[in-house]
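A.B. asks: Below is a structure I'd like to ask you about.
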Amino acid sequence: MTATSDRVPRLLALVPYFLARPGIELAEAARDFDVTPRQLRRDLELLWMCGLPGYGPGDLIDLSFEGETVTVTFDAGIRRPLKLTAAEATALLVALRALAETPGVTDTDAVRRALAKIETAAGGAEAPVVVGLAETRGVDEQVRATVRDGLDTERALWIRYYTVARDEISDRTIDPMRLLLVEGRSYLEAWCRSAEGVRLFRLDRIDEARVLEEASAPPERAEPTDLSDGLFRPNPAQPVATLLIGPEARWVAEYYPVEDLVELEDGSARVRMRYADESWMVRLLLSVAGDVRVEAPEQLAAAVVQRAGEALELAELESVR
Amino acid sequence: MSTTRAERLVNLVICLLATRQYLPAERIRGLVAGYGDAPSDEAFSRMFERDKAELRDLGVPLETGRNSIIDPSDGYRIARRDYELSDIELEPDEAAAVALAARLWDSPQLTGAASGALRKLRAAGVDVEDGSGAVQPKVRTNEPSFAPLLAAVNERKAVRFPYRRPGSTEPAVRSVEPWGVVSWRGRWYVVGHDRDRNAARCFRLSRVVGEVRAVGLAGAVVRPDGVNLLDYVTETGPDPVPVSVWVAEGRAHGVRRKGSSRGQRTIGGRDGEVFELELAHLESSADWLAGHGPDVLVLEPDTLRKNVVNRWLAAIGGKR
């Protein structure tokens, strides 16, 4: 995108913007347009030179500055902003439709009303993009409502939570921070008092939740999670496995972050994958046994074989009975 | 980029909005500040063509036509009703919803478009506060095939791309008339008419393993009326069937929390409990259960039990 194609839409929007907000401060306008006050002044100086053909004193756009505020005295006919482009309408309408279909994120009634108004203004064309925002199945309605309530009233929560990595259920007291929707799933970001850290709790793994009387009070050091690289951030301190992934189990490489993927001739791929917890990794590998081979470390490969052997023995005993 | 170009484009819009008559290019050259600098007819014509293209890219509805049949050439104007965003007023909670919607995207294609839309709404007098709020949904479009597929959908062009089906070794080139791009459970799909299979299909973008090529003419793809793109992606799945599983004492909590207890039972000297679960996808359920190793044992149905045992056999070196 060139500088002109960025600047011209802004220039065309500025006159109606100031017209709608007489006496607004320059600094606030700059924030709304996401430019520096200096750039905004340059834009206004340029607009001053524009107007109706003839370009005499009565033809040019007239803006009056009083201190730090701007008022439009002559608009030269650009009284309203330009209609939304197809791409702008798509970006807004698709997002609103997605929010309207997702309970628990925000007030869906307000979203629907906003959607109807934007559709009227922009034309409700068939969008080229559709977003189904989050899985609604699997999340207990009561849990969703309780989490929402804790966030809205800024109170602490008691939850019973299933931790998949350790395959255990624990009771925790948490201070809710944000509700996040990442890669199609809802997460509650909260300060966990027992772990003494910020944790993401997947809503469909909260088995029970209760709002507590006490206020939500995450400590100063509770930093929001950086999700710019997705949910799982590779941690070099974690052990790494070398896996040979067959075509049937390709989803493993798509779902979990893997490093150094090498495509092999027979359609399988060699990857390196980090894991936090060995018992979790063994569970994953057992579930795709035959389609994924562990090349390293040896002890991980041995653990998978050992668990499978024990399981087969047990199955044998049961079938004999 | 020159300041004068931006200035000239704004002047051109003002001039064409103000006229009711179609203005021929030569009149515009004489009227609009900035065109006088063109040293030759050819230079003017190049300048004017570029400006028209730029304005159309920005969504300015440039009309062409003649004022009467005796006019020698086409002229230009902008109809105010096609240019101006219609009146819109949002309640504070609606404006908050719009602000949240605009923040949804984490996408080179859509983030900029959403902020462009917000800028216009603000210019229409709507107060859209960009409050951060307690909710942060994000939709990322980091698949390389997203941009070319979206462009093809917008231009209604057919596409060809190499696609790797799960379970197959070689990617195969697919020929598709795309109707739309769909995000579901955090994954992107393109839905459309598969020309080779002569049926509607959806394709996962992460499995598009090479370049997406647009083929044929723009406007060639017709999306059937009333299709719901999301329906093609959200498989409803078979009805769940009851499954009986033994779970070792204090183990496999992920299995326990999905079932209801049917009483204690000891197997091979190990204490445990029998659970009944409702499972829809028996194949993937078999994998999930097999992962728990000796902590679970499927009692019923027999097919599920066999699939789980086969996983374990594969793990100790047998063939699946």
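Just remember, in the structure tokens the first chain shown is A, the second B, etc., residues are 1-based per chain, and ligands are 1-based in the order shown.
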Taking only residues of stretch 72-102 of chain B that have an atom at most 12 Å from an atom of stretch 96-114 of chain A, what is each one's shortest atom pair and its distance in Å to one decimal, using only C-alpha atoms, in chain and number order, as CSV?

C.D. replies:
```
residue,atom,partner,partner_atom,distance
B:Ile88,CA,A:Ala114,CA,9.9
B:Glu89,CA,A:Ala114,CA,9.3
B:Leu90,CA,A:Ala114,CA,6.9
B:Glu91,CA,A:Ala114,CA,8.3
B:Pro92,CA,A:Ala110,CA,9.1
B:Asp93,CA,A:Ala110,CA,5.8
B:Glu94,CA,A:Ala114,CA,4.9
B:Ala95,CA,A:Ala114,CA,7.2
B:Ala96,CA,A:Ala110,CA,8.5
B:Ala97,CA,A:Val111,CA,5.3
B:Val98,CA,A:Ala114,CA,6.8
B:Ala99,CA,A:Leu96,CA,9.7
B:Leu100,CA,A:Leu96,CA,8.5
B:Ala101,CA,A:Leu96,CA,5.4
B:Ala102,CA,A:Leu96,CA,8.4
```

A.B. asks: Enumerate as a PyMOL selection string all residues of stretch 55-229 of chain A assigned to alpha helix (DSSP H) by DSSP on the backbone, naming them with the chain letters and numbers the document uses.

C.D. replies: chain A and resi 86-100+108-122+141-153

A.B. asks: Take the selection from the previous step and output its residues with N, CA and C atoms, as a compact mmCIF listing (two decimals), in the first residue's frame.

C.D. replies:
```txt
# COMPACT_ATOMS: atom_id res chain seq x y z
N ALA A 86 -15.91 -2.63 -0.08
CA ALA A 86 -16.31 -4.03 0.12
C ALA A 86 -15.43 -4.69 1.18
N ALA A 87 -14.12 -4.40 1.14
CA ALA A 87 -13.21 -5.03 2.09
C ALA A 87 -13.48 -4.54 3.51
N GLU A 88 -13.75 -3.23 3.66
CA GLU A 88 -14.04 -2.69 4.99
C GLU A 88 -15.33 -3.27 5.54
N ALA A 89 -16.36 -3.34 4.68
CA ALA A 89 -17.64 -3.91 5.13
C ALA A 89 -17.44 -5.37 5.52
N THR A 90 -16.66 -6.11 4.73
CA THR A 90 -16.41 -7.52 5.04
C THR A 90 -15.74 -7.65 6.41
N ALA A 91 -14.69 -6.87 6.62
CA ALA A 91 -13.93 -7.00 7.87
C ALA A 91 -14.83 -6.76 9.08
N LEU A 92 -15.71 -5.78 8.98
CA LEU A 92 -16.56 -5.44 10.12
C LEU A 92 -17.75 -6.40 10.26
N LEU A 93 -18.42 -6.67 9.14
CA LEU A 93 -19.63 -7.50 9.21
C LEU A 93 -19.31 -8.94 9.59
N VAL A 94 -18.23 -9.48 9.02
CA VAL A 94 -17.87 -10.87 9.33
C VAL A 94 -17.55 -11.00 10.81
N ALA A 95 -16.82 -10.01 11.34
CA ALA A 95 -16.46 -10.04 12.76
C ALA A 95 -17.72 -9.91 13.63
N LEU A 96 -18.62 -9.01 13.25
CA LEU A 96 -19.85 -8.84 14.04
C LEU A 96 -20.70 -10.11 13.99
N ARG A 97 -20.81 -10.72 12.80
CA ARG A 97 -21.60 -11.94 12.70
C ARG A 97 -21.01 -13.04 13.57
N ALA A 98 -19.68 -13.13 13.57
CA ALA A 98 -19.02 -14.15 14.39
C ALA A 98 -19.32 -13.91 15.87
N LEU A 99 -19.24 -12.64 16.30
CA LEU A 99 -19.51 -12.32 17.71
C LEU A 99 -20.97 -12.60 18.05
N ALA A 100 -21.86 -12.32 17.09
CA ALA A 100 -23.29 -12.52 17.35
C ALA A 100 -23.60 -14.00 17.58
N THR A 108 -24.50 -10.21 23.12
CA THR A 108 -24.85 -10.55 21.73
C THR A 108 -26.03 -9.72 21.23
N ASP A 109 -26.86 -9.23 22.15
CA ASP A 109 -27.98 -8.39 21.73
C ASP A 109 -27.48 -7.08 21.13
N ALA A 110 -26.49 -6.47 21.80
CA ALA A 110 -25.90 -5.23 21.27
C ALA A 110 -25.20 -5.50 19.95
N VAL A 111 -24.55 -6.65 19.84
CA VAL A 111 -23.86 -7.01 18.59
C VAL A 111 -24.88 -7.10 17.46
N ARG A 112 -26.01 -7.77 17.72
CA ARG A 112 -27.03 -7.93 16.67
C ARG A 112 -27.58 -6.58 16.23
N ARG A 113 -27.83 -5.69 17.19
CA ARG A 113 -28.35 -4.36 16.82
C ARG A 113 -27.32 -3.61 15.98
N ALA A 114 -26.05 -3.67 16.41
CA ALA A 114 -24.99 -2.98 15.66
C ALA A 114 -24.88 -3.57 14.26
N LEU A 115 -24.96 -4.89 14.18
CA LEU A 115 -24.86 -5.59 12.90
C LEU A 115 -25.95 -5.11 11.95
N ALA A 116 -27.18 -5.02 12.44
CA ALA A 116 -28.30 -4.58 11.59
C ALA A 116 -28.04 -3.16 11.08
N LYS A 117 -27.53 -2.29 11.95
CA LYS A 117 -27.30 -0.90 11.53
C LYS A 117 -26.18 -0.80 10.51
N ILE A 118 -25.09 -1.55 10.73
CA ILE A 118 -23.97 -1.49 9.78
C ILE A 118 -24.40 -2.11 8.45
N GLU A 119 -25.19 -3.19 8.52
CA GLU A 119 -25.68 -3.80 7.27
C GLU A 119 -26.52 -2.80 6.48
N THR A 120 -27.34 -2.03 7.18
CA THR A 120 -28.16 -1.03 6.50
C THR A 120 -27.29 0.03 5.84
N ALA A 121 -26.26 0.47 6.57
CA ALA A 121 -25.41 1.53 6.06
C ALA A 121 -24.48 1.03 4.96
N ALA A 122 -24.00 -0.22 5.09
CA ALA A 122 -22.96 -0.70 4.16
C ALA A 122 -23.52 -1.61 3.09
N GLU A 141 -22.96 -24.40 30.25
CA GLU A 141 -23.59 -23.06 30.24
C GLU A 141 -23.43 -22.35 31.58
N GLN A 142 -23.57 -23.13 32.65
CA GLN A 142 -23.46 -22.57 33.99
C GLN A 142 -22.04 -22.04 34.22
N VAL A 143 -21.05 -22.80 33.77
CA VAL A 143 -19.65 -22.39 33.92
C VAL A 143 -19.42 -21.10 33.13
N ARG A 144 -19.94 -21.06 31.90
CA ARG A 144 -19.76 -19.87 31.06
C ARG A 144 -20.36 -18.64 31.74
N ALA A 145 -21.58 -18.80 32.27
CA ALA A 145 -22.26 -17.67 32.92
C ALA A 145 -21.50 -17.22 34.17
N THR A 146 -20.98 -18.19 34.93
CA THR A 146 -20.26 -17.87 36.16
C THR A 146 -18.96 -17.11 35.84
N VAL A 147 -18.25 -17.57 34.82
CA VAL A 147 -17.00 -16.92 34.41
C VAL A 147 -17.28 -15.48 33.98
N ARG A 148 -18.30 -15.31 33.17
CA ARG A 148 -18.72 -13.99 32.69
C ARG A 148 -19.05 -13.08 33.90
N ASP A 149 -19.77 -13.66 34.87
CA ASP A 149 -20.18 -12.93 36.05
C ASP A 149 -18.95 -12.48 36.85
N GLY A 150 -17.98 -13.39 37.00
CA GLY A 150 -16.75 -13.06 37.72
C GLY A 150 -15.99 -11.93 37.06
N LEU A 151 -15.95 -11.94 35.72
CA LEU A 151 -15.26 -10.88 34.98
C LEU A 151 -16.01 -9.55 35.12
N ASP A 152 -17.33 -9.61 34.94
CA ASP A 152 -18.13 -8.38 34.98
C ASP A 152 -18.11 -7.72 36.36
N THR A 153 -18.19 -8.55 37.41
CA THR A 153 -18.27 -7.98 38.76
C THR A 153 -16.90 -7.91 39.41
```

A.B. asks: If we count only C-alpha atoms, what is near B:Gly116 at a cut-off of 12 Å, once residues fewer than 5 positions away on the same chain are taken out, given as a short mmCIF file (atom, residue, chain, number, x, y, z; two decimals) with C-alpha atoms, in the first residue's frame?

C.D. replies:
```
data_model
loop_
_atom_site.label_atom_id
_atom_site.label_comp_id
_atom_site.auth_asym_id
_atom_site.auth_seq_id
_atom_site.Cartn_x
_atom_site.Cartn_y
_atom_site.Cartn_z
CA SER A 5 -3.63 5.34 -0.89
CA ASP A 6 -3.33 5.57 2.88
CA ARG A 7 -3.46 9.32 3.07
CA VAL A 8 -6.26 10.18 0.63
CA PRO A 9 -8.95 8.21 2.53
CA ARG A 10 -7.81 9.93 5.72
CA LEU A 12 -11.46 12.68 2.81
CA ALA A 13 -12.58 11.50 6.26
CA ASP A 32 -8.76 8.45 16.42
CA PHE A 33 -6.93 8.47 13.10
CA ASP A 34 -3.91 6.67 14.50
CA PRO A 81 -17.47 10.13 4.83
CA LEU A 82 -17.18 7.85 1.83
CA LYS A 83 -19.21 4.63 1.92
CA LEU A 84 -17.43 1.57 3.25
CA THR A 85 -15.47 -0.37 0.65
CA ALA A 86 -16.31 -4.03 0.12
CA ALA A 87 -13.21 -5.03 2.09
CA GLU A 88 -14.04 -2.69 4.99
CA ALA A 89 -17.64 -3.91 5.13
CA THR A 90 -16.41 -7.52 5.04
CA ALA A 91 -13.93 -7.00 7.87
CA LEU A 92 -16.56 -5.44 10.12
CA LEU B 58 -10.43 3.57 -2.69
CA GLY B 59 -14.09 2.87 -3.40
CA ALA B 102 -12.76 -4.33 14.59
CA GLN B 109 -5.75 -8.39 4.87
CA LEU B 110 -8.45 -7.64 7.41
CA THR B 111 -6.90 -5.58 10.21
CA LEU B 121 -17.74 5.56 11.18
CA ARG B 122 -15.96 8.06 13.39
CA ALA B 123 -16.07 10.58 10.53
#
```

A.B. asks: For the strand (DSSP E or B) assignment from backbone DSSP, which residues of stretch 67-236 of chain B qualify? Please present them as a ChimeraX atom specification.

C.D. replies: /B:75-78,84,105-106,135-137,139-140,158-163,172-184,187-194,199-204,208,213-215

A.B. asks: Take the residues from that selection and put them in a file with N, CA and C atoms, as a compact mmCIF listing (two decimals), in the first residue's frame.

C.D. replies:
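The result, written out as part-v8.txt:
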```txt
# COMPACT_ATOMS: atom_id res chain seq x y z
N GLY B 75 -17.82 11.80 -20.06
CA GLY B 75 -17.42 12.68 -18.97
C GLY B 75 -17.54 11.93 -17.65
N TYR B 76 -17.17 12.64 -16.56
CA TYR B 76 -17.12 12.00 -15.24
C TYR B 76 -17.87 12.82 -14.22
N ARG B 77 -18.45 12.13 -13.23
CA ARG B 77 -19.03 12.80 -12.07
C ARG B 77 -19.14 11.78 -10.94
N ILE B 78 -19.41 12.29 -9.75
CA ILE B 78 -19.63 11.40 -8.60
C ILE B 78 -21.01 11.72 -8.05
N GLU B 84 -21.72 8.96 -0.41
CA GLU B 84 -21.80 9.21 1.04
C GLU B 84 -22.29 8.01 1.83
N TRP B 105 -9.53 -9.06 14.25
CA TRP B 105 -8.61 -9.60 13.26
C TRP B 105 -7.15 -9.46 13.64
N ASP B 106 -6.42 -10.50 13.35
CA ASP B 106 -4.97 -10.45 13.44
C ASP B 106 -4.53 -10.93 12.06
N VAL B 135 -12.34 -8.73 27.19
CA VAL B 135 -12.45 -9.82 26.23
C VAL B 135 -11.49 -9.58 25.10
N GLN B 136 -10.74 -10.61 24.74
CA GLN B 136 -9.88 -10.42 23.59
C GLN B 136 -9.95 -11.59 22.64
N PRO B 137 -10.89 -11.53 21.69
CA PRO B 137 -10.88 -12.56 20.67
C PRO B 137 -9.92 -12.18 19.57
N VAL B 139 -8.69 -13.49 15.57
CA VAL B 139 -8.73 -14.43 14.45
C VAL B 139 -7.52 -14.15 13.58
N ARG B 140 -6.64 -15.13 13.50
CA ARG B 140 -5.42 -14.94 12.72
C ARG B 140 -5.60 -15.54 11.33
N ALA B 158 -12.02 -19.00 -10.61
CA ALA B 158 -11.69 -20.37 -10.21
C ALA B 158 -10.21 -20.45 -9.83
N VAL B 159 -9.84 -21.47 -9.05
CA VAL B 159 -8.45 -21.62 -8.63
C VAL B 159 -7.99 -23.07 -8.78
N ARG B 160 -6.68 -23.22 -8.86
CA ARG B 160 -6.05 -24.54 -8.80
C ARG B 160 -4.96 -24.49 -7.74
N PHE B 161 -4.89 -25.56 -6.94
CA PHE B 161 -3.82 -25.59 -5.93
C PHE B 161 -3.47 -27.03 -5.59
N PRO B 162 -2.18 -27.26 -5.24
CA PRO B 162 -1.80 -28.60 -4.79
C PRO B 162 -2.30 -28.81 -3.36
N TYR B 163 -2.91 -29.96 -3.14
CA TYR B 163 -3.57 -30.21 -1.85
C TYR B 163 -3.18 -31.59 -1.35
N ALA B 172 -2.17 -33.65 -4.54
CA ALA B 172 -2.84 -33.69 -5.84
C ALA B 172 -3.36 -32.29 -6.14
N VAL B 173 -3.32 -31.91 -7.43
CA VAL B 173 -3.81 -30.59 -7.79
C VAL B 173 -5.34 -30.62 -7.84
N ARG B 174 -5.96 -29.69 -7.11
CA ARG B 174 -7.41 -29.61 -7.08
C ARG B 174 -7.85 -28.38 -7.83
N SER B 175 -8.99 -28.50 -8.47
CA SER B 175 -9.52 -27.43 -9.29
C SER B 175 -10.88 -27.04 -8.71
N VAL B 176 -10.95 -25.82 -8.20
CA VAL B 176 -12.10 -25.45 -7.36
C VAL B 176 -12.66 -24.10 -7.78
N GLU B 177 -14.01 -23.98 -7.75
CA GLU B 177 -14.65 -22.68 -7.89
C GLU B 177 -14.98 -22.21 -6.47
N PRO B 178 -14.19 -21.30 -5.93
CA PRO B 178 -14.34 -20.99 -4.51
C PRO B 178 -15.54 -20.06 -4.24
N TRP B 179 -16.33 -20.42 -3.21
CA TRP B 179 -17.46 -19.56 -2.81
C TRP B 179 -17.13 -18.70 -1.60
N GLY B 180 -16.19 -19.16 -0.80
CA GLY B 180 -15.87 -18.37 0.38
C GLY B 180 -14.78 -19.02 1.21
N VAL B 181 -14.22 -18.23 2.12
CA VAL B 181 -13.19 -18.71 3.03
C VAL B 181 -13.80 -18.74 4.42
N VAL B 182 -13.62 -19.84 5.12
CA VAL B 182 -14.34 -20.05 6.36
C VAL B 182 -13.37 -20.41 7.48
N SER B 183 -13.56 -19.79 8.63
CA SER B 183 -12.77 -20.15 9.80
C SER B 183 -13.66 -20.90 10.78
N TRP B 184 -13.17 -22.02 11.25
CA TRP B 184 -13.95 -22.81 12.19
C TRP B 184 -13.01 -23.49 13.16
N ARG B 187 -9.36 -23.00 12.52
CA ARG B 187 -8.74 -23.42 11.28
C ARG B 187 -9.47 -22.78 10.10
N TRP B 188 -8.69 -22.54 9.03
CA TRP B 188 -9.29 -21.93 7.84
C TRP B 188 -9.56 -22.97 6.77
N TYR B 189 -10.68 -22.78 6.09
CA TYR B 189 -11.09 -23.67 5.00
C TYR B 189 -11.53 -22.82 3.81
N VAL B 190 -11.41 -23.38 2.61
CA VAL B 190 -12.06 -22.75 1.47
C VAL B 190 -13.16 -23.72 1.05
N VAL B 191 -14.35 -23.14 0.83
CA VAL B 191 -15.50 -23.94 0.44
C VAL B 191 -15.86 -23.58 -0.99
N GLY B 192 -16.18 -24.58 -1.81
CA GLY B 192 -16.57 -24.26 -3.18
C GLY B 192 -16.93 -25.51 -3.96
N HIS B 193 -17.08 -25.31 -5.24
CA HIS B 193 -17.43 -26.41 -6.13
C HIS B 193 -16.14 -27.05 -6.64
N ASP B 194 -15.96 -28.33 -6.33
CA ASP B 194 -14.79 -29.07 -6.77
C ASP B 194 -15.08 -29.56 -8.20
N ALA B 199 -18.85 -31.59 -7.19
CA ALA B 199 -19.66 -31.50 -5.97
C ALA B 199 -19.06 -30.43 -5.07
N ALA B 200 -19.85 -29.97 -4.10
CA ALA B 200 -19.35 -28.98 -3.14
C ALA B 200 -18.39 -29.67 -2.18
N ARG B 201 -17.27 -29.00 -1.91
CA ARG B 201 -16.27 -29.58 -1.02
C ARG B 201 -15.66 -28.47 -0.17
N CYS B 202 -15.05 -28.87 0.95
CA CYS B 202 -14.25 -27.88 1.67
C CYS B 202 -12.82 -28.40 1.80
N PHE B 203 -11.87 -27.46 1.80
CA PHE B 203 -10.45 -27.78 1.83
C PHE B 203 -9.80 -27.00 2.96
N ARG B 204 -8.98 -27.68 3.72
CA ARG B 204 -8.31 -27.01 4.82
C ARG B 204 -7.09 -26.25 4.27
N VAL B 208 -3.07 -26.93 1.88
CA VAL B 208 -2.72 -26.41 0.56
C VAL B 208 -1.20 -26.25 0.58
N ARG B 213 -3.22 -20.77 -7.82
CA ARG B 213 -3.28 -20.05 -9.09
C ARG B 213 -4.72 -19.79 -9.46
N ALA B 214 -5.01 -18.52 -9.77
CA ALA B 214 -6.34 -18.20 -10.28
C ALA B 214 -6.38 -18.58 -11.75
N VAL B 215 -7.46 -19.22 -12.18
CA VAL B 215 -7.57 -19.61 -13.58
C VAL B 215 -8.90 -19.10 -14.14
```

A.B. asks: Would you kindly return, as number ranges by chain, each protein, DNA or RNA residue with an atom no farther than 12 Å from any atom of stretch 245-248 of chain B, considering only C-alpha atoms and excluding same-chain residues fewer than 6 positions away?

C.D. replies: A: 311, 314-315, 318; B: 254-279, 285-286, 289-290, 292-302, 304-305, 308

A.B. asks: Mind giving me the straight-line distance from atom CA of A:Glu68 to atom CA of A:Leu26 in Å, one decimal?

C.D. replies: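 Computed distance, atom CA of A:Glu68 to atom CA of A:Leu26, equals 5.8 Å.
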
A.B. asks: Within 10 Å of B:Asn11, counting only C-alpha atoms, which residues qualify if same-chain residues fewer than 4 places away don't, as a PyMOL selection string?

C.D. replies: (chain A and resi 47+49-53+55+60+76) or (chain B and resi 5-7+15-17+31-34)

A.B. asks: Export N, CA and C atoms of the chosen residues as a PDB file, in the first residue's frame?

C.D. replies:
```pdb
ATOM      1  N   LEU A  47      -5.336  20.181   3.425  1.00  0.00           N
ATOM      2  CA  LEU A  47      -6.771  20.356   3.144  1.00  0.00           C
ATOM      3  C   LEU A  47      -7.128  21.824   2.917  1.00  0.00           C
ATOM      4  N   MET A  49      -5.573  23.869   1.288  1.00  0.00           N
ATOM      5  CA  MET A  49      -5.266  24.222  -0.097  1.00  0.00           C
ATOM      6  C   MET A  49      -6.272  23.615  -1.077  1.00  0.00           C
ATOM      7  N   CYS A  50      -7.168  22.770  -0.557  1.00  0.00           N
ATOM      8  CA  CYS A  50      -8.097  22.073  -1.447  1.00  0.00           C
ATOM      9  C   CYS A  50      -9.458  22.759  -1.417  1.00  0.00           C
ATOM     10  N   GLY A  51     -10.197  22.593  -2.505  1.00  0.00           N
ATOM     11  CA  GLY A  51     -11.527  23.162  -2.532  1.00  0.00           C
ATOM     12  C   GLY A  51     -12.154  23.043  -3.889  1.00  0.00           C
ATOM     13  N   LEU A  52     -13.149  23.916  -4.121  1.00  0.00           N
ATOM     14  CA  LEU A  52     -13.870  23.901  -5.383  1.00  0.00           C
ATOM     15  C   LEU A  52     -13.053  24.607  -6.458  1.00  0.00           C
ATOM     16  N   PRO A  53     -13.228  24.197  -7.716  1.00  0.00           N
ATOM     17  CA  PRO A  53     -12.517  24.867  -8.803  1.00  0.00           C
ATOM     18  C   PRO A  53     -12.730  26.379  -8.736  1.00  0.00           C
ATOM     19  N   TYR A  55     -10.780  27.989  -6.692  1.00  0.00           N
ATOM     20  CA  TYR A  55      -9.815  28.026  -5.585  1.00  0.00           C
ATOM     21  C   TYR A  55      -9.619  29.426  -5.014  1.00  0.00           C
ATOM     22  N   LEU A  60     -12.236  27.442  -0.988  1.00  0.00           N
ATOM     23  CA  LEU A  60     -11.345  26.501  -0.313  1.00  0.00           C
ATOM     24  C   LEU A  60     -11.935  26.034   1.008  1.00  0.00           C
ATOM     25  N   ALA A  76     -16.597  22.575   1.496  1.00  0.00           N
ATOM     26  CA  ALA A  76     -16.451  22.384   0.040  1.00  0.00           C
ATOM     27  C   ALA A  76     -17.211  21.153  -0.464  1.00  0.00           C
TER      28      ALA A  76
ATOM     29  N   ARG B   5       0.023  15.047  -5.318  1.00  0.00           N
ATOM     30  CA  ARG B   5      -0.887  14.022  -5.846  1.00  0.00           C
ATOM     31  C   ARG B   5      -2.084  13.853  -4.917  1.00  0.00           C
ATOM     32  N   ALA B   6      -1.811  13.755  -3.590  1.00  0.00           N
ATOM     33  CA  ALA B   6      -2.900  13.627  -2.625  1.00  0.00           C
ATOM     34  C   ALA B   6      -3.835  14.833  -2.730  1.00  0.00           C
ATOM     35  N   GLU B   7      -3.209  16.006  -2.858  1.00  0.00           N
ATOM     36  CA  GLU B   7      -3.985  17.248  -2.959  1.00  0.00           C
ATOM     37  C   GLU B   7      -4.863  17.228  -4.227  1.00  0.00           C
ATOM     38  N   CYS B  15     -14.434  18.395  -6.898  1.00  0.00           N
ATOM     39  CA  CYS B  15     -14.956  18.906  -8.161  1.00  0.00           C
ATOM     40  C   CYS B  15     -16.048  17.993  -8.720  1.00  0.00           C
ATOM     41  N   LEU B  16     -15.792  16.679  -8.707  1.00  0.00           N
ATOM     42  CA  LEU B  16     -16.752  15.747  -9.318  1.00  0.00           C
ATOM     43  C   LEU B  16     -18.002  15.559  -8.460  1.00  0.00           C
ATOM     44  N   LEU B  17     -17.853  15.798  -7.141  1.00  0.00           N
ATOM     45  CA  LEU B  17     -19.039  15.763  -6.271  1.00  0.00           C
ATOM     46  C   LEU B  17     -19.906  16.994  -6.510  1.00  0.00           C
ATOM     47  N   LEU B  31      -9.976  22.619 -15.022  1.00  0.00           N
ATOM     48  CA  LEU B  31     -10.618  23.058 -13.775  1.00  0.00           C
ATOM     49  C   LEU B  31      -9.855  22.680 -12.509  1.00  0.00           C
ATOM     50  N   VAL B  32      -9.391  21.415 -12.465  1.00  0.00           N
ATOM     51  CA  VAL B  32      -8.891  20.892 -11.194  1.00  0.00           C
ATOM     52  C   VAL B  32      -7.413  21.228 -11.002  1.00  0.00           C
ATOM     53  N   ALA B  33      -7.125  21.823  -9.849  1.00  0.00           N
ATOM     54  CA  ALA B  33      -5.752  22.220  -9.541  1.00  0.00           C
ATOM     55  C   ALA B  33      -4.859  20.993  -9.536  1.00  0.00           C
ATOM     56  N   GLY B  34      -3.686  21.132 -10.179  1.00  0.00           N
ATOM     57  CA  GLY B  34      -2.729  20.032 -10.215  1.00  0.00           C
ATOM     58  C   GLY B  34      -2.547  19.496 -11.621  1.00  0.00           C
TER      59      GLY B  34
END
```

A.B. asks: Compile the contact shell of stretch 157-174 of chain A as a PDB file with C-alpha atoms, in the first residue's frame: residues with an atom at most 7 Å away, counting only C-alpha atoms, same-chain residues fewer than 4 positions apart removed.

C.D. replies:
```
ATOM      1  CA  GLY A 150     -16.752 -13.064  37.724  1.00  0.00           C
ATOM      2  CA  ALA A 190      -6.495 -15.489  35.370  1.00  0.00           C
ATOM      3  CA  TRP A 191      -4.027 -15.277  38.199  1.00  0.00           C
ATOM      4  CA  CYS A 192      -3.920 -18.700  39.800  1.00  0.00           C
ATOM      5  CA  ARG A 193      -3.323 -18.353  43.528  1.00  0.00           C
ATOM      6  CA  SER A 194      -2.025 -21.899  43.990  1.00  0.00           C
ATOM      7  CA  ARG A 205     -12.097 -28.036  31.032  1.00  0.00           C
ATOM      8  CA  ILE A 206     -13.666 -26.125  33.923  1.00  0.00           C
ATOM      9  CA  ASP A 207     -15.935 -28.708  35.521  1.00  0.00           C
ATOM     10  CA  GLU A 208     -17.408 -26.409  38.177  1.00  0.00           C
ATOM     11  CA  ALA A 209     -17.158 -22.702  38.978  1.00  0.00           C
ATOM     12  CA  ARG A 210     -18.394 -20.420  41.743  1.00  0.00           C
ATOM     13  CA  VAL A 211     -18.117 -16.644  42.153  1.00  0.00           C
ATOM     14  CA  LEU A 212     -16.515 -15.750  45.494  1.00  0.00           C
ATOM     15  CA  ASP A 277       5.452 -33.366  30.597  1.00  0.00           C
ATOM     16  CA  TRP A 280       1.457 -36.323  28.468  1.00  0.00           C
TER      17      TRP A 280
ATOM     18  CA  ALA B 252      -7.292 -41.109  33.672  1.00  0.00           C
ATOM     19  CA  HIS B 253      -9.248 -38.154  35.019  1.00  0.00           C
ATOM     20  CA  GLY B 254      -9.911 -36.946  31.496  1.00  0.00           C
TER      21      GLY B 254
END
```
